[in-house]
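Structure data follow from protein.tsv (TSV, N, CA and C atoms):
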chain	number	residue	atom	x	y	z
Y	248	MET	N	-24.00	-3.27	40.09
Y	248	MET	CA	-23.18	-3.32	38.89
Y	248	MET	C	-24.05	-3.79	37.73
Y	249	GLY	N	-24.03	-3.04	36.65
Y	249	GLY	CA	-24.82	-3.37	35.48
Y	249	GLY	C	-24.12	-4.36	34.57
Y	250	LEU	N	-24.82	-4.76	33.52
Y	250	LEU	CA	-24.25	-5.71	32.57
Y	250	LEU	C	-23.02	-5.17	31.85
Y	251	PHE	N	-22.98	-3.87	31.63
Y	251	PHE	CA	-21.91	-3.29	30.82
Y	251	PHE	C	-20.98	-2.41	31.64
Y	252	ASP	N	-20.85	-2.68	32.93
Y	252	ASP	CA	-19.99	-1.88	33.80
Y	252	ASP	C	-18.69	-2.58	34.16
Y	253	GLY	N	-18.41	-3.72	33.58
Y	253	GLY	CA	-17.21	-4.47	33.93
Y	253	GLY	C	-15.94	-3.86	33.35
Y	254	ALA	N	-14.83	-4.24	33.93
Y	254	ALA	CA	-13.53	-3.70	33.51
Y	254	ALA	C	-13.21	-4.07	32.07
Y	255	ILE	N	-13.48	-5.30	31.69
Y	255	ILE	CA	-13.16	-5.74	30.33
Y	255	ILE	C	-14.02	-4.99	29.31
Y	256	HIS	N	-15.29	-4.80	29.62
Y	256	HIS	CA	-16.16	-4.05	28.71
Y	256	HIS	C	-15.69	-2.61	28.58
Y	257	ASN	N	-15.35	-1.99	29.71
Y	257	ASN	CA	-14.87	-0.60	29.67
Y	257	ASN	C	-13.57	-0.48	28.89
Y	258	LEU	N	-12.64	-1.42	29.11
Y	258	LEU	CA	-11.38	-1.39	28.36
Y	258	LEU	C	-11.62	-1.63	26.87
Y	259	SER	N	-12.57	-2.49	26.55
Y	259	SER	CA	-12.89	-2.74	25.14
Y	259	SER	C	-13.42	-1.48	24.47
Y	260	GLU	N	-14.30	-0.76	25.16
Y	260	GLU	CA	-14.82	0.49	24.60
Y	260	GLU	C	-13.71	1.52	24.43
Y	261	GLN	N	-12.83	1.63	25.42
Y	261	GLN	CA	-11.72	2.57	25.31
Y	261	GLN	C	-10.77	2.17	24.19
Y	262	ALA	N	-10.54	0.88	24.02
Y	262	ALA	CA	-9.68	0.40	22.94
Y	262	ALA	C	-10.30	0.70	21.58
Y	263	LEU	N	-11.63	0.58	21.47
Y	263	LEU	CA	-12.32	0.95	20.23
Y	263	LEU	C	-12.11	2.43	19.92
Y	264	ASP	N	-12.26	3.27	20.93
Y	264	ASP	CA	-12.04	4.71	20.74
Y	264	ASP	C	-10.60	5.00	20.33
Y	265	ALA	N	-9.65	4.33	20.99
Y	265	ALA	CA	-8.24	4.55	20.67
Y	265	ALA	C	-7.91	4.07	19.26
Y	266	THR	N	-8.48	2.94	18.86
Y	266	THR	CA	-8.24	2.42	17.51
Y	266	THR	C	-8.85	3.35	16.46
Y	267	TRP	N	-10.02	3.88	16.74
Y	267	TRP	CA	-10.63	4.84	15.82
Y	267	TRP	C	-9.73	6.08	15.70
Y	268	TYR	N	-9.23	6.57	16.83
Y	268	TYR	CA	-8.32	7.72	16.82
Y	268	TYR	C	-7.04	7.42	16.03
Y	269	LYS	N	-6.52	6.20	16.20
Y	269	LYS	CA	-5.32	5.79	15.47
Y	269	LYS	C	-5.58	5.81	13.97
Y	270	GLN	N	-6.76	5.34	13.55
Y	270	GLN	CA	-7.11	5.37	12.13
Y	270	GLN	C	-7.18	6.81	11.62
Y	271	GLN	N	-7.71	7.72	12.43
Y	271	GLN	CA	-7.79	9.13	12.03
Y	271	GLN	C	-6.40	9.73	11.86
Y	272	VAL	N	-5.48	9.44	12.78
Y	272	VAL	CA	-4.12	9.97	12.70
Y	272	VAL	C	-3.41	9.42	11.47
Y	273	ILE	N	-3.55	8.13	11.21
Y	273	ILE	CA	-2.92	7.53	10.03
Y	273	ILE	C	-3.49	8.11	8.75
Y	274	SER	N	-4.80	8.29	8.70
Y	274	SER	CA	-5.44	8.90	7.53
Y	274	SER	C	-4.94	10.32	7.31
Y	275	ASN	N	-4.74	11.05	8.40
Y	275	ASN	CA	-4.21	12.40	8.32
Y	275	ASN	C	-2.77	12.38	7.78
Y	276	ASN	N	-1.98	11.40	8.21
Y	276	ASN	CA	-0.62	11.26	7.68
Y	276	ASN	C	-0.64	11.02	6.18
Y	277	ILE	N	-1.51	10.13	5.73
Y	277	ILE	CA	-1.60	9.80	4.31
Y	277	ILE	C	-2.06	11.02	3.52
Y	278	ALA	N	-3.03	11.76	4.06
Y	278	ALA	CA	-3.53	12.95	3.37
Y	278	ALA	C	-2.46	14.03	3.25
Y	279	ASN	N	-1.52	14.06	4.17
Y	279	ASN	CA	-0.46	15.08	4.15
Y	279	ASN	C	0.86	14.55	3.62
Y	280	ALA	N	0.82	13.49	2.83
Y	280	ALA	CA	2.05	12.86	2.33
Y	280	ALA	C	2.88	13.79	1.45
Y	281	SER	N	2.26	14.78	0.84
Y	281	SER	CA	3.03	15.70	-0.01
Y	281	SER	C	3.11	17.11	0.56
Y	282	THR	N	2.69	17.30	1.79
Y	282	THR	CA	2.74	18.61	2.43
Y	282	THR	C	4.17	18.89	2.90
Y	283	PRO	N	4.76	19.99	2.48
Y	283	PRO	CA	6.13	20.30	2.91
Y	283	PRO	C	6.24	20.42	4.43
Y	284	ASP	N	7.32	19.88	4.97
Y	284	ASP	CA	7.67	19.94	6.39
Y	284	ASP	C	6.66	19.26	7.32
Y	285	TYR	N	5.76	18.46	6.77
Y	285	TYR	CA	4.82	17.71	7.62
Y	285	TYR	C	5.56	16.53	8.22
Y	286	LYS	N	5.38	16.30	9.50
Y	286	LYS	CA	5.98	15.17	10.20
Y	286	LYS	C	4.89	14.18	10.59
Y	287	ALA	N	5.11	12.93	10.25
Y	287	ALA	CA	4.14	11.88	10.53
Y	287	ALA	C	3.96	11.71	12.04
Y	288	LYS	N	2.76	11.34	12.43
Y	288	LYS	CA	2.43	11.09	13.83
Y	288	LYS	C	2.08	9.62	14.01
Y	289	THR	N	2.35	9.11	15.19
Y	289	THR	CA	2.00	7.73	15.51
Y	289	THR	C	1.20	7.70	16.81
Y	290	VAL	N	0.37	6.68	16.95
Y	290	VAL	CA	-0.46	6.50	18.14
Y	290	VAL	C	-0.11	5.14	18.74
Y	291	GLU	N	0.19	5.13	20.03
Y	291	GLU	CA	0.52	3.89	20.73
Y	291	GLU	C	-0.46	3.69	21.88
Y	292	PHE	N	-1.00	2.47	21.97
Y	292	PHE	CA	-1.83	2.12	23.11
Y	292	PHE	C	-1.83	0.63	23.39
Y	293	GLY	N	-1.28	-0.16	22.53
Y	293	GLY	CA	-1.32	-1.61	22.69
Y	293	GLY	C	-0.57	-2.11	23.91
Y	294	LEU	N	0.63	-1.60	24.17
Y	294	LEU	CA	1.41	-2.06	25.31
Y	294	LEU	C	0.73	-1.69	26.61
Y	295	ILE	N	0.12	-0.54	26.64
Y	295	ILE	CA	-0.57	-0.10	27.85
Y	295	ILE	C	-1.77	-1.00	28.10
Y	296	LEU	N	-2.47	-1.41	27.05
Y	296	LEU	CA	-3.61	-2.31	27.20
Y	296	LEU	C	-3.15	-3.64	27.78
Y	297	LYS	N	-2.00	-4.16	27.34
Y	297	LYS	CA	-1.50	-5.41	27.88
Y	297	LYS	C	-1.18	-5.29	29.36
Y	298	GLU	N	-0.61	-4.16	29.77
Y	298	GLU	CA	-0.31	-3.95	31.18
Y	298	GLU	C	-1.59	-3.95	32.01
Y	299	LYS	N	-2.65	-3.31	31.50
Y	299	LYS	CA	-3.90	-3.24	32.24
Y	299	LYS	C	-4.54	-4.61	32.35
Y	300	CYS	N	-4.39	-5.46	31.36
Y	300	CYS	CA	-5.02	-6.78	31.40
Y	300	CYS	C	-4.29	-7.75	32.33
Y	301	LYS	N	-3.07	-7.41	32.75
Y	301	LYS	CA	-2.32	-8.26	33.66
Y	301	LYS	C	-2.75	-8.08	35.11
Y	302	CYS	N	-3.65	-7.14	35.37
Y	302	CYS	CA	-4.03	-6.87	36.76
Y	302	CYS	C	-4.78	-8.07	37.35
Y	303	LYS	N	-4.78	-8.15	38.69
Y	303	LYS	CA	-5.47	-9.22	39.38
Y	303	LYS	C	-6.97	-9.03	39.28
Y	304	TYR	N	-7.71	-10.11	39.42
Y	304	TYR	CA	-9.16	-10.04	39.39
Y	304	TYR	C	-9.65	-9.38	40.67
Y	305	HIS	N	-10.55	-8.42	40.52
Y	305	HIS	CA	-11.13	-7.74	41.68
Y	305	HIS	C	-12.63	-8.02	41.71
Y	306	THR	N	-13.16	-8.15	42.88
Y	306	THR	CA	-14.60	-8.32	43.01
Y	306	THR	C	-15.29	-6.98	42.79
Y	307	PRO	N	-16.55	-6.98	42.31
Y	307	PRO	CA	-17.24	-5.73	42.01
Y	307	PRO	C	-17.36	-4.78	43.19
Y	308	ASP	N	-17.40	-5.30	44.42
Y	308	ASP	CA	-17.58	-4.40	45.56
Y	308	ASP	C	-16.32	-3.62	45.92
Y	309	GLU	N	-15.18	-3.95	45.31
Y	309	GLU	CA	-13.96	-3.20	45.58
Y	309	GLU	C	-13.90	-1.89	44.81
Y	310	ASP	N	-14.80	-1.69	43.85
Y	310	ASP	CA	-14.87	-0.47	43.06
Y	310	ASP	C	-13.55	-0.13	42.37
Y	311	THR	N	-12.88	-1.16	41.86
Y	311	THR	CA	-11.63	-0.92	41.15
Y	311	THR	C	-11.82	-0.90	39.64
Y	312	ASP	N	-12.96	-1.40	39.17
Y	312	ASP	CA	-13.19	-1.44	37.72
Y	312	ASP	C	-13.17	-0.04	37.12
Y	313	SER	N	-13.66	0.95	37.86
Y	313	SER	CA	-13.72	2.30	37.32
Y	313	SER	C	-12.34	2.94	37.23
Y	314	LYS	N	-11.33	2.38	37.92
Y	314	LYS	CA	-9.99	2.94	37.91
Y	314	LYS	C	-9.18	2.50	36.69
Y	315	LEU	N	-9.63	1.46	35.99
Y	315	LEU	CA	-8.91	0.98	34.83
Y	315	LEU	C	-9.21	1.88	33.63
Y	316	THR	N	-8.18	2.52	33.13
Y	316	THR	CA	-8.33	3.37	31.96
Y	316	THR	C	-7.23	3.05	30.97
Y	317	LEU	N	-7.50	3.33	29.73
Y	317	LEU	CA	-6.55	3.09	28.66
Y	317	LEU	C	-5.94	4.43	28.25
Y	318	SER	N	-4.64	4.52	28.33
Y	318	SER	CA	-3.96	5.75	27.93
Y	318	SER	C	-3.51	5.64	26.48
Y	319	VAL	N	-3.64	6.75	25.77
Y	319	VAL	CA	-3.25	6.82	24.37
Y	319	VAL	C	-2.15	7.86	24.24
Y	320	VAL	N	-1.05	7.48	23.59
Y	320	VAL	CA	0.09	8.38	23.42
Y	320	VAL	C	0.28	8.66	21.93
Y	321	THR	N	0.27	9.94	21.58
Y	321	THR	CA	0.52	10.35	20.20
Y	321	THR	C	1.89	11.01	20.14
Y	322	THR	N	2.74	10.51	19.25
Y	322	THR	CA	4.07	11.09	19.10
Y	322	THR	C	4.28	11.53	17.66
Y	323	GLN	N	5.21	12.45	17.49
Y	323	GLN	CA	5.54	12.95	16.16
Y	323	GLN	C	6.92	12.47	15.79
Y	324	GLU	N	7.05	11.90	14.60
Y	324	GLU	CA	8.33	11.41	14.13
Y	324	GLU	C	9.14	12.57	13.57
Y	325	THR	N	10.22	12.91	14.24
Y	325	THR	CA	11.04	14.04	13.80
Y	325	THR	C	12.43	13.62	13.38
Y	326	ASP	N	12.76	12.35	13.50
Y	326	ASP	CA	14.11	11.88	13.23
Y	326	ASP	C	14.44	11.70	11.75
Y	327	THR	N	13.43	11.43	10.94
Y	327	THR	CA	13.70	11.09	9.55
Y	327	THR	C	13.08	12.09	8.58
Y	328	ASP	N	13.73	12.27	7.46
Y	328	ASP	CA	13.19	13.05	6.34
Y	328	ASP	C	13.31	12.19	5.09
Y	329	LEU	N	12.18	11.80	4.52
Y	329	LEU	CA	12.19	10.97	3.34
Y	329	LEU	C	12.24	11.81	2.06
Y	330	LEU	N	11.68	13.00	2.10
Y	330	LEU	CA	11.61	13.84	0.92
Y	330	LEU	C	12.46	15.09	1.11
Y	331	LEU	N	12.81	15.72	0.01
Y	331	LEU	CA	13.60	16.94	0.09
Y	331	LEU	C	12.85	18.10	0.73
Y	332	ASN	N	11.53	18.05	0.70
Y	332	ASN	CA	10.73	19.14	1.27
Y	332	ASN	C	10.53	19.00	2.78
Y	333	GLY	N	11.20	18.04	3.43
Y	333	GLY	CA	11.11	17.89	4.88
Y	333	GLY	C	10.00	16.97	5.35
Y	334	ASN	N	9.23	16.41	4.44
Y	334	ASN	CA	8.14	15.50	4.79
Y	334	ASN	C	8.72	14.12	5.08
Y	335	ASN	N	8.20	13.45	6.08
Y	335	ASN	CA	8.70	12.11	6.40
Y	335	ASN	C	7.63	11.02	6.39
Y	336	VAL	N	6.55	11.24	5.66
Y	336	VAL	CA	5.47	10.24	5.60
Y	336	VAL	C	5.85	9.15	4.62
Y	337	ASP	N	5.92	7.92	5.10
Y	337	ASP	CA	6.15	6.75	4.26
Y	337	ASP	C	4.79	6.12	3.98
Y	338	GLN	N	4.31	6.26	2.76
Y	338	GLN	CA	2.95	5.82	2.44
Y	338	GLN	C	2.76	4.32	2.60
Y	339	GLU	N	3.78	3.53	2.28
Y	339	GLU	CA	3.64	2.08	2.45
Y	339	GLU	C	3.51	1.72	3.93
Y	340	LYS	N	4.32	2.35	4.76
Y	340	LYS	CA	4.24	2.11	6.20
Y	340	LYS	C	2.88	2.53	6.75
Y	341	GLU	N	2.38	3.66	6.29
Y	341	GLU	CA	1.08	4.16	6.76
Y	341	GLU	C	-0.04	3.25	6.30
Y	342	ALA	N	0.04	2.72	5.08
Y	342	ALA	CA	-1.00	1.81	4.58
Y	342	ALA	C	-1.03	0.53	5.41
Y	343	LEU	N	0.14	0.01	5.77
Y	343	LEU	CA	0.19	-1.19	6.62
Y	343	LEU	C	-0.34	-0.89	8.01
Y	344	ALA	N	0.01	0.28	8.55
Y	344	ALA	CA	-0.48	0.66	9.89
Y	344	ALA	C	-2.00	0.82	9.87
Y	345	LEU	N	-2.54	1.37	8.78
Y	345	LEU	CA	-3.99	1.55	8.67
Y	345	LEU	C	-4.69	0.19	8.59
Y	346	ALA	N	-4.13	-0.74	7.83
Y	346	ALA	CA	-4.72	-2.08	7.75
Y	346	ALA	C	-4.67	-2.77	9.11
Y	347	ASP	N	-3.57	-2.58	9.84
Y	347	ASP	CA	-3.45	-3.16	11.18
Y	347	ASP	C	-4.49	-2.56	12.13
Y	348	ALA	N	-4.66	-1.26	12.08
Y	348	ALA	CA	-5.65	-0.59	12.94
Y	348	ALA	C	-7.07	-1.04	12.60
Y	349	GLN	N	-7.35	-1.22	11.31
Y	349	GLN	CA	-8.67	-1.70	10.92
Y	349	GLN	C	-8.91	-3.13	11.41
Y	350	TYR	N	-7.87	-3.95	11.38
Y	350	TYR	CA	-7.98	-5.31	11.90
Y	350	TYR	C	-8.24	-5.29	13.41
Y	351	GLN	N	-7.50	-4.44	14.13
Y	351	GLN	CA	-7.71	-4.31	15.57
Y	351	GLN	C	-9.14	-3.89	15.88
Y	352	TYR	N	-9.64	-2.91	15.15
Y	352	TYR	CA	-10.99	-2.41	15.36
Y	352	TYR	C	-12.01	-3.53	15.11
Y	353	SER	N	-11.81	-4.26	14.03
Y	353	SER	CA	-12.72	-5.36	13.69
Y	353	SER	C	-12.69	-6.44	14.76
Y	354	ALA	N	-11.52	-6.78	15.27
Y	354	ALA	CA	-11.42	-7.80	16.31
Y	354	ALA	C	-12.11	-7.34	17.60
Y	355	LEU	N	-11.95	-6.08	17.95
Y	355	LEU	CA	-12.62	-5.55	19.14
Y	355	LEU	C	-14.14	-5.56	18.96
Y	356	MET	N	-14.61	-5.20	17.78
Y	356	MET	CA	-16.06	-5.23	17.52
Y	356	MET	C	-16.59	-6.65	17.58
Y	357	ASP	N	-15.83	-7.61	17.04
Y	357	ASP	CA	-16.24	-9.02	17.13
Y	357	ASP	C	-16.35	-9.47	18.58
Y	358	HIS	N	-15.40	-9.04	19.41
Y	358	HIS	CA	-15.42	-9.39	20.83
Y	358	HIS	C	-16.66	-8.82	21.51
Y	359	LEU	N	-16.95	-7.55	21.28
Y	359	LEU	CA	-18.13	-6.94	21.90
Y	359	LEU	C	-19.42	-7.56	21.37
Y	360	ASN	N	-19.49	-7.81	20.08
Y	360	ASN	CA	-20.68	-8.43	19.50
Y	360	ASN	C	-20.91	-9.83	20.07
Y	361	HIS	N	-19.84	-10.56	20.30
Y	361	HIS	CA	-19.97	-11.89	20.90
Y	361	HIS	C	-20.54	-11.77	22.33
Y	362	ASN	N	-20.03	-10.80	23.08
Y	362	ASN	CA	-20.54	-10.60	24.44
Y	362	ASN	C	-22.02	-10.24	24.42
Y	363	TYR	N	-22.42	-9.38	23.49
Y	363	TYR	CA	-23.83	-9.01	23.37
Y	363	TYR	C	-24.68	-10.20	22.97
Y	364	ALA	N	-24.16	-11.06	22.09
Y	364	ALA	CA	-24.90	-12.25	21.67
Y	364	ALA	C	-25.11	-13.20	22.84
Y	365	VAL	N	-24.10	-13.35	23.68
Y	365	VAL	CA	-24.24	-14.22	24.86
Y	365	VAL	C	-25.31	-13.66	25.79
Y	366	ILE	N	-25.30	-12.36	26.01
Y	366	ILE	CA	-26.30	-11.74	26.88
Y	366	ILE	C	-27.70	-11.88	26.26
Y	367	ARG	N	-27.79	-11.64	24.95
Y	367	ARG	CA	-29.08	-11.76	24.27
Y	367	ARG	C	-29.61	-13.19	24.36
Y	368	SER	N	-28.71	-14.17	24.21
Y	368	SER	CA	-29.12	-15.57	24.31
Y	368	SER	C	-29.60	-15.91	25.72
Y	369	ALA	N	-28.94	-15.37	26.72
Y	369	ALA	CA	-29.34	-15.64	28.10
Y	369	ALA	C	-30.69	-15.01	28.42
Y	370	ILE	N	-30.96	-13.84	27.87
Y	370	ILE	CA	-32.21	-13.14	28.14
Y	370	ILE	C	-33.39	-13.83	27.47
Y	371	THR	N	-33.19	-14.35	26.25
Y	371	THR	CA	-34.30	-14.94	25.49
Y	371	THR	C	-34.64	-16.35	25.93
Y	372	ARG	N	-33.84	-16.96	26.78
Y	372	ARG	CA	-34.13	-18.34	27.23
Y	372	ARG	C	-35.05	-18.36	28.37

Write the structure described by the file as structure tokens, please.
Amino acid sequence: MGLFDGAIHNLSEQALDATWYKQQVISNNIANASTPDYKAKTVEFGLILKEKCKCKYHTPDEDTDSKLTLSVVTTQETDTDLLLNGNNVDQEKEALALADAQYQYSALMDHLNHNYAVIRSAITR
């Protein structure tokens, strides 16, 4: 098992990818705020990440770390119409969601950078 093969590291990388994807979807929603009949999309992965983190600790020889994956669900909001042209993008909601996604991404990067700093400190001693 290598330094970067652990379950937490793999989940952190997957969460970074999912957060980046969430930012792309939100940006696409904002860009299409005036497109007729465009329906906003949402990305969910936070609850699934919490479920995965509740798992029991496994030793590396059980080979269970590779089975932990983060699922990302993209849904389209079809219930509401905010504009007469059929568009349902709420720009204030999207701006808040984008700020939240950027905060999540930053927190995940801080976590990974801290882990790398600990490894770097251990190697240089």

task: Would you mind listing what lies within 8 Å of Y:Ala265 as a PyMOL selection string, with only N, CA and C atoms counted and same-chain residues fewer than 6 positions away left out?
output: chain Y and resi 259+271+290-292+317-319

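Neighbours of stretch 354-364 of chain Y closer than or equal to 9 Å, with only C-alpha atoms counted and sequence neighbours fewer than 5 positions away skipped, come out as His256, Ser259, Glu260, Ala262, Leu263, Gln349 and Ala369 of chain Y.
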
- request: Kindly give the distance, in Å, that separates atom CA of Y:Gln323 and atom CA of Y:Asn275, rounded to a single decimal.
  value: 12.5 Å

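The point (12.5, 13.7, 8.8) has these residues within 6 Å of it, counting all atoms listed in the file: Y:Glu324, Y:Thr325, Y:Asp326, Y:Thr327, Y:Asp328, Y:Leu329, Y:Gly333, Y:Asn334, Y:Asn335.
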
message: What does the structure give for the distance between atom C of Y:Ala278 and atom C of Y:Ser353, in Å to one decimal?
response: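 One can read the atom C of Y:Ala278 to atom C of Y:Ser353 distance as 25.6 Å.
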
message: Would you compute the distance between atom N of Y:Ala287 and atom N of Y:Ala346? Give it in Å to one decimal.
response: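 Taking atom N of Y:Ala287 as the start and atom N of Y:Ala346 as the end point, the length is 16.7 Å.
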
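When only C-alpha atoms are used to compute distances to Y:Lys286, the closest of the residues Y:Ile370, Y:Val365, Y:Ile273, Y:Leu343 turns out to be Y:Ile273.
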
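If only C-alpha atoms are the atoms counted, then among Y:Leu330, Y:Tyr352, Y:Thr371, Y:Gln338 the closest residue to Y:Pro283 is Y:Leu330.
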
- request: Find the residues around Y:Ala280 up to 7 Å (only C-alpha atoms counted), leave out those fewer than 3 positions away in its own chain, and share them as JSON, numbers by chain.
  value: {"Y": [276, 277, 336]}

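Of the listed residues Y:Gly253, Y:Asp264, Y:Tyr350, Y:Asn332, the one whose atoms come nearest to Y:Ser281 is Y:Asn332, with distances taken using only N, CA and C atoms.
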